[in-house]
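Take a look at the structure below.
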Amino acid sequence: MVKTDFGPPKYDLMLHPVIKKNYGKWKFHEVVKPGVIRRVAESGDEIYVVRFGSPRLLSVYTIRELCDIADKYSDGYLRWTSRNNVEFFVTSKEKVDALIKEVEEKIGFPCGGTWDAVTGKYGLSNIVHTQGWIHCHTPAIDASGIVKAVMDELYEYFIDHKLPAMCRISLACCANMCGAVHASDIAIVGIHRTPPLPDDDAIRRTCEIPSTVAACPTGALKPDMKAKTIKVDVEKCMYCGNCYTMCPGMPLFDPENDGAAIMVGGKISDARRMPELSKVVVPWVPNEPPRWPTLVKYIKQILETWANNARKHERLIEWVDRIGWERFFELTGLEFTDHLIDDYRITPYIYGELRTSTQFRW
Amino acid sequence: MVKTDFGPPKYDLMLHPVIKKNYGKWKFHEVVKPGVIRRVAESGDEIYVVRFGSPRLLSVYTIRELCDIADKYSDGYLRWTSRNNVEFFVTSKEKVDALIKEVEEKIGFPCGGTWDAVTGKYGLSNIVHTQGWIHCHTPAIDASGIVKAVMDELYEYFIDHKLPAMCRISLACCANMCGAVHASDIAIVGIHRTPPLPDDDAIRRTCEIPSTVAACPTGALKPDMKAKTIKVDVEKCMYCGNCYTMCPGMPLFDPENDGAAIMVGGKISDARRMPELSKVVVPWVPNEPPRWPTLVKYIKQILETWANNARKHERLIEWVDRIGWERFFELTGLEFTDHLIDDYRITPYIYGELRTSTQFRW
Amino acid sequence: MSETPLVDELEKGPWPSFVKEIKKTAENMEKLASEGKDLKLPKTARGLLKLLEISYKDKKTHWKHGGIVSVVGYGGGVIGRYSDLGDKLPEVEHFHTMRINMPAGWFYSTKALRGLCDVWEKWGSGLTNMHGSTGDIIFLGTRSEYLQPSFEDLGKLEIPFDLGGSGSALRTPSACMGPALCEFSCYDTLDLCYDLTMTYQNELHRPMYPYKFKIKCSGCPNDCVASKARADFAIIGTWKDEIQIDDEAVKEYAKWMDIENEVVKLCPTKAISWNGKELKIDAKNCVRCMHCINKMPKALKPGKERGATILVGGKAPVLEGAIIGWVTIPFIEIRKPYDEIKEILNATLEWWDEEGKFRERVGEMIWRKGMREYLKVIGKSADVRIVKAPRNNPFMFFKKEELRPSPFVEELKKRGMF
Amino acid sequence: MSETPLVDELEKGPWPSFVKEIKKTAENMEKLASEGKDLKLPKTARGLLKLLEISYKDKKTHWKHGGIVSVVGYGGGVIGRYSDLGDKLPEVEHFHTMRINMPAGWFYSTKALRGLCDVWEKWGSGLTNMHGSTGDIIFLGTRSEYLQPSFEDLGKLEIPFDLGGSGSALRTPSACMGPALCEFSCYDTLDLCYDLTMTYQNELHRPMYPYKFKIKCSGCPNDCVASKARADFAIIGTWKDEIQIDDEAVKEYAKWMDIENEVVKLCPTKAISWNGKELKIDAKNCVRCMHCINKMPKALKPGKERGATILVGGKAPVLEGAIIGWVTIPFIEIRKPYDEIKEILNATLEWWDEEGKFRERVGEMIWRKGMREYLKVIGKSADVRIVKAPRNNPFMFFKKEELRPSPFVEELKKRGMF
Ligand code: SRM
Ligand code: SRM
Ligand code: SRM
Ligand code: SRM
Ligand code: SF4
Ligand code: SF4
Ligand code: SF4
Ligand code: SF4
Ligand code: SF4
Ligand code: SF4
Ligand code: SF4
Ligand code: SF4
């Protein structure tokens, strides 16, 4: 019989000997330079953690190359971070630069993506993202392609510590938000803009009508019992694609009208300010493969406006807390349109988003 | 034919000549002492506005006495404030004390209820309140009686400027909140605690069943078509009394279980902090006529804890912003019970009230 | 022993006693009636006291649901009230309230007040509330048959008074004292309040709407009539340019005031600075919260470009939870004859009248239909100032006109969906 | 000319290119296959590139809704995927993904990784995601018939790998690097993550719930696995006592750091003070936000009384809007064998399993049923720390036991309502 439910390998099999020895006994860390963190244990042991950007989509051949390098420099151990960067562990400082050189030359992954809270100088990390046209059935945008285009443009921020505070960029190719864009400093989210066009035949063949109808958060769907299909009240539809998730007979892809919304101001850590959800600041940017110039321009514009105006340790939402959303739109040059006013009744934050005060800036 | 729709008398008929002359041309005001505000116009004219507390429920005989005094000291003019205090207008400083004496002696209304933002010394004003057992059909508590008992206890704060900031106390005898307790620094609100006991006969005689059923915010009501009455799902009922408002056949008065909840932290002005809704901090205090000692004790305790701990200009919610709700409960000695956790799904602020952060105090 | 030992307890203590007011009324009226004065209800005040004593004993109200009572030609302005102890206390079997529209700002001449007293002494219980929470003069307690004569007598006064609002109608608008006494007032609250009241007499007196609708006018963001929390339509004075500073007067304050801690540090946007000599306000960052002006009324005053912010939707918690009004118009000039504001009000009322559900306040309707639709109704475009923050979800609606032409859109059209 | 001119554009620029990764895979596999290596899908990577080119031209996905595919004995771990261009591009007709449960903290030995590569080179497209958003190793693209052998080969590796979660199941738990590398870690994130993963193998592999359920472990409030926003059950390290201060190290920082502006002023509760010589932290007011510790890692560290805060309900916006997890347990000790935390988890899962609606996340269910009920389920009493503020409405429920005896209650009982 085939073995099941044996679970993942235990983590302790996977730890570099120095890490294992000093597990739970680290004293402090120090950012040596972008991409390189020196960690010192109570025992006096030290280890250099060296971080590299990656496209997340990796070939097994690249992974093997990374293993070769890890065997050479890192005693056969490496890891990925929670934002898809690769980290090597080097026990002697001398080997750090050689490692960097070898990774950059052989694999082409840049060293960087770290930040140094102590000096208040932050690098930009990798973009958390999702499948897009590589693998998913509901995307309104591609994922990897946009990430590549954006990171090419923001490359200098990855390899250096030039930002005043942490800035997390994420992308999700549809409103399901697998990339967790709902709480990122800057986020790109794929959106549809047309209601589903019921494919009666497919509905009959493949869908459970009641659960599809029930899945619509705005009540835009009605079963058509006689015709054994589903009717859409287009006035109520806000193109979330949830019905399509439930039923392939409800396609809503329109290449001309799908695209991305941009959200900003999300935050997860509890450092200084409490966590916050991201807010939409650009309702729609069209799909412009292969390099999405408009979208890339917006992202850069937002990032740099923030970076040039924020104080040390002031994340995007903290900056907005200080200057006001009025000023955010003014400084970034973005337009505040009525799309940005919350009208999703089901999410109860709506009350919180409307202004209940005469306090605002001109 | 009887004249209709002629509206209220025009305000300009009602203005003291000095007020009329300097209308819109006041330069500044100055609080001379509790209850007395000197207002100076650009023209150099000045007027002393002298404020007195009132029980709001006034006899026509008292009003006539006030008129006599106004004729004597105030050139035949007077006004009420938005919190039911009476104000006289005196043009010469010398007459102020005589006026005060006469009102206090003849009518028994105390001079006070003002505040002085300039020095940051605040008096307590009157309690905005409602009908209670005097006139309304839905109250869970009396209004005037509680107000009297509370103001007796807090009298010293009315006649003097002893508070660090503005503190507005309000009372509403049921959840309809005619007293606007939903945004007061300290508020008393009458609540029921038992579901309605349908009176089938009265329902049949006097109620429109569908609109009564529809009026229940939690969906606790179902029409009983056969019996032509209404059934209550007691698990869903939170005793708001809305069904009783719609239909006299749904009484929910239980003298032993009606009572008051105490709310705090509301704020309306935009001064410094944006407006805020009040929050429940004591879920229930029983009705204890004639002087509601438990309720009075709580109100005093909250007021004084705030007054003793707040900084200048720090209203109750601003104080809580600084010290945290954890500390509010600790300092006031109130108990945080699970009743105080928002679970009213219809009001969308619920999300806002739950803590989405590891930031809190021990 | 007293008939009313419980309520008598409330005669004690320093605060003015409503029980004394009731007793005083009862005594006066009993006396005057016995002296032959034409008082219709000389026993009602005493009856109320007895009823109240019973409520104090029973710990519950003894008032029943009101029936529909009114005066000829009006649909509101009177709250019908009957006692469930009518057989025991016939003096308070009927105890209807009349809501009388107060003068804007609650300013009175003694002549006007005496007129009111005369009417209520004759036809009513002699008891009032000065004032009700909405702002009306409340005449507490009369019988059905005296409503019409009371009303007629009110109209015949030298300074006549009309009814206020009740039921699903526009309610009596109210205003802070504004320019009459307050140097902060950014527009003429009394005049606007009066003008709107006169313009909407029909809407005020004949309930015609899904639910109640309240208008309140405050002259500045201090909001002394609590309009943000209590009005469906709050008109709050404000300004657009810089706060006016009188440097000399600042220096006077500086002699004794801790400007740094009590003003500068409390400015919500840190828009003020004080270097010990000069106070500077960064107008771009001032959110006109009033704090510094409140602290230094001799030195600071609102700017010159004055008008109002309109917040819509404020209300108590029934049914969908309390709402503090939402900014819908960040700035509007308030100029006689107030056409612009009336246009907005009319559009609002019309929309709500047509599409509002039974007992749905306008704020709840905006929540249901979306602020965006409301803005369209009042012909205003989106402004970042109407939100605290942009939406936190991407569930936006796009108008058909906003879409790009495409085969998919064509297909939607062909299928009759677009 | 290239067959894929559009996607080729994405080979340019300094950032590592996923297109290069696909091409590299295609080239290697084509070559190795031609050399006779036993690769089942040597053309798939190339096929993906072609399909992607078409998507780039068409501006839309060419993947269809997935069918249900899995491995024997499992209900999840595989996402079925078929192309709508299957006839044109048979290489990618099937393109299923396998989710492989990563080791806690994403730590690997090269041996483990090489094993994974061998399996996927043989049975799959040779393409992976390191890692998926939930944290799994993603094996991108294989055919139905190779799922089972892939899985079996994974199990036979010297360091065997099992599937992760998908569908309406417990999902693969994840953890920050925690004690392995980070001095801030307040509990052993890797061990807890591993232990929970092992404890809930059945729940992970056999979808049985109303919807998905995610667990994430962060060692401190910095929350480096974004658990607050992305986990139904977030376990975040924290402490209860004072921050530990090394005065000497503070002095070192003081030599060059602007402690006043960069630390003191940024403390959210103003709990720190610095007089130029000594740094003091008022433990009663410290909300453990981590900022000062982050700024001075050599001088400050979390207190000694360590444990975790649990936030429940975090999720993306489908259907009822995004939720950042809600504090339900302000402090819990995290001690092997983790019984207490498992009891809470079990109670939560059981309740949700029984009462959750189809596709209702646990956060939505708490919102529907009330936090109070959830607290009862996990046997915890109310704590002010679980709210930002108390409720703003008086619409409270009272339990029957809380009522005083009364005739009304008796009548309710008599009528069978109570
Ligand atoms: C490696 C990683 C953990 C892991 O297990 O993989 C990590 C590691 C560290 N984090 Fe993190 N964080 C990591 C993801 C995160 C995330 C999650 C995410 O981005 O999705 C967050 C929450 C993001 C958010 O709030 O939106 C996160 C919020 C922080 C913060 C809070 C910063 C702030 O001001 O809000 C700190 C403290 C700081 O930097 O001051 C921190 C601090 C640190 C420190 C300094 C902790 C330590 O003592 O070692 C680590 C080194 C950072 C550096 O590069 O200099 N880490 N950190 C993750 C690296 C991801 C990457 O490749 O970029
Ligand atoms: C007379 C009255 C207006 C009226 O038309 O009747 C009034 C009059 C003044 N108010 Fe007010 N306010 C009056 C009700 C209010 C209300 C409404 C209410 O209480 O229901 C509020 C909003 C309450 C709230 O926010 O919850 C109100 C919030 C203020 C504030 C804001 C204070 C704050 O720190 O939040 C100020 C400014 C200040 O005091 O610094 C203010 C300031 C003033 C000034 C100083 C304005 C001026 O320049 O004259 C007035 C004299 C106050 C004094 O007693 O020294 N007035 N004031 C009302 C007196 C009611 C009473 O008898 O107590
Ligand atoms: C008399 C007065 C209380 C007082 O003692 O001052 C009052 C009395 C009643 N109010 Fe009110 N409301 C009074 C001001 C208010 C206010 C305050 C305000 O207008 O600034 C509010 C809160 C603001 C608001 O409108 O939201 C208020 C919110 C309510 C509500 C809840 C409305 C909501 O949407 O949440 C109800 C319930 C209803 O309409 O069914 C209500 C209903 C009632 C009824 C008609 C009872 C009912 O269920 O039908 C009360 C009649 C009592 C009686 O027998 O006289 N009353 N009511 C106030 C009117 C006097 C006046 O005209 O000046
Ligand atoms: C593969 C992955 C994206 C990626 O490229 O990394 C992914 C892919 C899908 N997600 Fe996801 N989700 C992935 C992590 C997430 C996350 C992030 C996380 O777990 O930290 C979220 C947000 C957090 C959350 O759970 O709320 C996420 C929120 C969703 C949702 C919305 C759930 C909600 O309650 O709002 C859906 C919709 C659904 O389940 O029907 C969804 C659905 C899907 C489906 C299954 C599509 C569908 O509608 O059925 C996607 C399959 C794509 C494919 O073909 O492979 N996925 N999904 C991630 C899982 C990889 C892994 O196991 O490591
Ligand atoms: S975000 Fe949407 S389109 Fe992208 S992987 Fe997740 S479910 Fe698929
Ligand atoms: S796309 Fe969303 S809103 Fe539109 S019909 Fe489908 S489920 Fe409803
Ligand atoms: S608060 Fe309730 S009980 Fe009191 S007057 Fe208003 S409606 Fe009547
Ligand atoms: S009291 Fe309120 S919750 Fe209870 S049945 Fe009546 S309307 Fe519903
Ligand atoms: S609202 Fe402003 S203008 Fe009106 S009385 Fe109050 S402080 Fe004066
Ligand atoms: S009005 Fe308020 S925001 Fe403007 S400067 Fe004064 S204190 Fe600051
Ligand atoms: S969450 Fe805390 S313990 Fe874990 S890696 Fe981040 S900083 Fe370190
Ligand atoms: S951890 Fe945060 S709250 Fe605590 S003292 Fe440091 S900065 Fe202040």
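Numbering starts fresh at 1 for the residues of each chain in the structure tokens, the chains themselves are lettered A, B, ... in the order given, and ligands are numbered from 1 as they appear.
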Neighbourhood of ligand 3 at 7 Å, counting only C-alpha atoms and all ligand atoms, reported as JSON, numbers by chain: {"B": [129, 130, 131, 135, 136, 137, 138, 176, 177, 178, 179, 180, 245], "C": [79, 81, 97, 99, 131, 132, 133, 134, 135, 136, 137, 138, 164, 165, 166, 172, 212, 214, 230, 231, 314, 315, 316, 317, 318, 319, 322, 361]}
DSSP-assigned helix (DSSP H, G or I) members of stretch 112-291 of chain C, reported as number ranges by chain: C: 112-123, 144-156, 178-180, 189-199, 201-205, 227-230, 247-254, 259-262, 264-266, 291
Protein and nucleic acid residues within 9 Å of ligand 8 (only C-alpha atoms and all ligand atoms) as an NGL selection string: (:B and (192-196 or 212-221 or 231-234 or 236-246 or 250-252)) or (:D and (395))
List all protein, DNA and RNA residues that have any atom at most 7 Å from ligand 1, counting only C-alpha atoms and all ligand atoms, and write the list as a compact mmCIF listing (two decimals) with C-alpha atoms, in the first residue's frame.
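Contents of part.txt, freshly written:
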# COMPACT_ATOMS: atom_id res chain seq x y z
CA PHE A 28 20.94 40.07 17.31
CA HIS A 29 21.20 40.69 13.60
CA VAL A 31 22.37 44.31 8.00
CA ILE A 37 22.31 39.98 7.13
CA TRP A 80 13.05 30.64 0.71
CA THR A 81 11.50 33.57 2.46
CA SER A 82 7.81 34.22 2.84
CA ARG A 83 8.08 36.54 -0.18
CA ASN A 84 9.75 34.05 -2.49
CA ASN A 85 13.31 35.21 -2.12
CA GLY A 113 15.44 42.58 -0.98
CA THR A 114 16.45 43.22 2.61
CA TRP A 115 15.93 46.25 4.78
CA ASP A 116 17.58 47.75 7.78
CA ALA A 117 15.20 49.01 10.40
CA SER A 125 11.29 43.03 -1.59
CA ASN A 126 9.85 40.68 -4.13
CA ALA A 165 10.18 52.39 5.27
CA MET A 166 8.86 48.97 4.43
CA ARG A 168 5.15 45.54 0.30
CA ALA A 183 -3.35 44.18 2.98
CA SER A 184 -0.34 45.45 1.05
CA ASP A 185 1.29 48.84 0.80
CA GLY A 266 -2.53 48.02 3.44
CA LYS A 267 -0.32 46.98 6.33
CA ILE A 268 0.03 43.78 8.31
CA SER A 269 2.70 44.24 10.91
CA ASP A 270 1.76 45.81 14.20
CA ALA A 271 4.80 48.05 14.18
CA HIS A 313 9.74 54.45 9.10
CA ARG A 315 4.87 53.22 5.65
CA GLY D 105 9.87 27.94 7.49
CA ALA D 175 5.51 29.66 9.81
CA CYS D 176 8.07 32.41 9.81
CA MET D 177 11.68 31.39 10.27
CA GLY D 178 11.20 32.11 13.95
CA LEU D 181 17.14 32.65 12.64
CA CYS D 182 15.28 35.40 14.38
CA GLU D 183 16.06 36.82 17.78
CA PHE D 184 12.56 38.24 18.13
CA ASN D 222 5.95 41.93 12.95
CA ASP D 223 4.06 39.02 11.45
CA CYS D 224 6.44 37.96 8.73
CA VAL D 225 4.02 35.36 7.36
CA ALA D 226 1.23 37.93 7.10
CA HIS D 291 8.87 49.25 16.78
CA ASN D 294 13.01 46.57 15.60
CA LYS D 295 15.00 49.78 15.80
Please build the interface table for chain C against chain A with a cut-off of 8 Å, listing for each qualifying residue the nearest atom pair and the distance in Å to one decimal; count only C-alpha atoms, order rows by chain and increasing number, and write it as a Markdown table.
| residue | atom | partner | partner_atom | distance |
| --- | --- | --- | --- | --- |
| C:Pro221 | CA | A:Thr358 | CA | 6.5 |
| C:Lys228 | CA | A:Thr356 | CA | 7.6 |
| C:Ile236 | CA | A:Thr358 | CA | 7.9 |
| C:Lys240 | CA | A:Trp362 | CA | 7.0 |
| C:Thr269 | CA | A:Arg322 | CA | 7.0 |
| C:Lys284 | CA | A:Trp362 | CA | 6.2 |
| C:Asn285 | CA | A:Arg361 | CA | 5.9 |
| C:Cys286 | CA | A:Arg361 | CA | 6.5 |
| C:Val287 | CA | A:Gln359 | CA | 4.7 |
| C:Arg288 | CA | A:Gln359 | CA | 6.1 |
| C:Cys289 | CA | A:Gln359 | CA | 5.9 |
| C:Thr309 | CA | A:Thr358 | CA | 6.6 |
| C:Leu311 | CA | A:Thr356 | CA | 7.5 |
| C:Ile324 | CA | A:Thr356 | CA | 5.7 |
| C:Gly325 | CA | A:Thr356 | CA | 5.5 |
| C:Trp326 | CA | A:Thr356 | CA | 4.7 |
| C:Val327 | CA | A:Arg355 | CA | 5.7 |
| C:Pro330 | CA | A:Thr358 | CA | 7.6 |
| C:Trp367 | CA | A:Arg345 | CA | 6.7 |
| C:Arg368 | CA | A:Arg345 | CA | 6.5 |
| C:Lys369 | CA | A:Asp343 | CA | 7.5 |
| C:Gly370 | CA | A:Asp343 | CA | 4.6 |
| C:Met371 | CA | A:Asp343 | CA | 6.6 |
| C:Arg372 | CA | A:Asp338 | CA | 6.1 |
| C:Ser381 | CA | A:Asp338 | CA | 7.2 |
| C:Ala382 | CA | A:Asp338 | CA | 4.8 |
| C:Asp383 | CA | A:Phe336 | CA | 6.5 |
| C:Val384 | CA | A:Glu326 | CA | 5.9 |
| C:Arg385 | CA | A:Phe360 | CA | 6.1 |
| C:Ile386 | CA | A:Arg355 | CA | 5.5 |
| C:Val387 | CA | A:Leu354 | CA | 4.2 |
| C:Lys388 | CA | A:Arg355 | CA | 4.5 |
| C:Ala389 | CA | A:Glu353 | CA | 5.1 |
| C:Pro390 | CA | A:Leu340 | CA | 5.2 |
| C:Arg391 | CA | A:Asp342 | CA | 4.4 |
| C:Asn392 | CA | A:Lys279 | CA | 4.2 |
| C:Asn393 | CA | A:Lys279 | CA | 6.8 |
| C:Pro394 | CA | A:Val280 | CA | 6.6 |
| C:Phe395 | CA | A:Met238 | CA | 5.6 |
| C:Met396 | CA | A:Met238 | CA | 5.8 |
| C:Phe397 | CA | A:Met238 | CA | 5.2 |
| C:Phe398 | CA | A:Arg193 | CA | 6.6 |
| C:Leu403 | CA | A:Asn257 | CA | 6.4 |
| C:Arg404 | CA | A:Asn257 | CA | 6.2 |
| C:Pro405 | CA | A:Glu256 | CA | 7.4 |
| C:Ser406 | CA | A:Glu256 | CA | 6.1 |
| C:Phe408 | CA | A:Asp254 | CA | 5.8 |
| C:Val409 | CA | A:Thr194 | CA | 7.6 |
| C:Leu412 | CA | A:Leu197 | CA | 6.8 |
| C:Met417 | CA | A:Val234 | CA | 6.8 |
| C:Phe418 | CA | A:Val234 | CA | 7.5 |
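Pairwise distance (atom CA of C:Asp353, atom CA of C:Met98) equals 25.6 Å.
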Nearest residue to ligand 12 from the set A:Asp152, A:Arg272, A:Arg311, A:Leu331 (distances using only C-alpha atoms and all ligand atoms):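 That would be A:Arg272, the residue with the smallest distance to ligand 12.
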Residue nearest chain C - candidates D:Leu192, D:Ile323, D:Val78, D:Val312, atoms counted: only C-alpha atoms: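 Comparing D:Leu192, D:Ile323, D:Val78, D:Val312 against chain C, the winner is D:Ile323.
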Contacts of A:Leu57 within 9 Å, only C-alpha atoms, excl. fewer than 2 positions in-chain, as a PyMOL selection string: (chain A and resi 54-55+59+144) or (chain D and resi 17-19+21-22+127-131+140)
Pairwise distance for atom CA of D:Asn101 and atom CA of D:Met29, rounded to one decimal in Å: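 Taking atom CA of D:Asn101 as the start and atom CA of D:Met29 as the end point, the length is 25.2 Å.
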Secondary structure check, strand (DSSP E or B) residues of stretch 72-115 of chain B, as a ChimeraX atom specification: /B:77-80,86-90,111,115
Test item: residues at most 8 Å from D:Tyr209, only C-alpha atoms, excluding those fewer than 5 positions along its chain, as a count of residues only: 5
Two-atom distance - atom CA of C:Leu51, atom CA of B:Tyr298 (Å): 28.3 Å
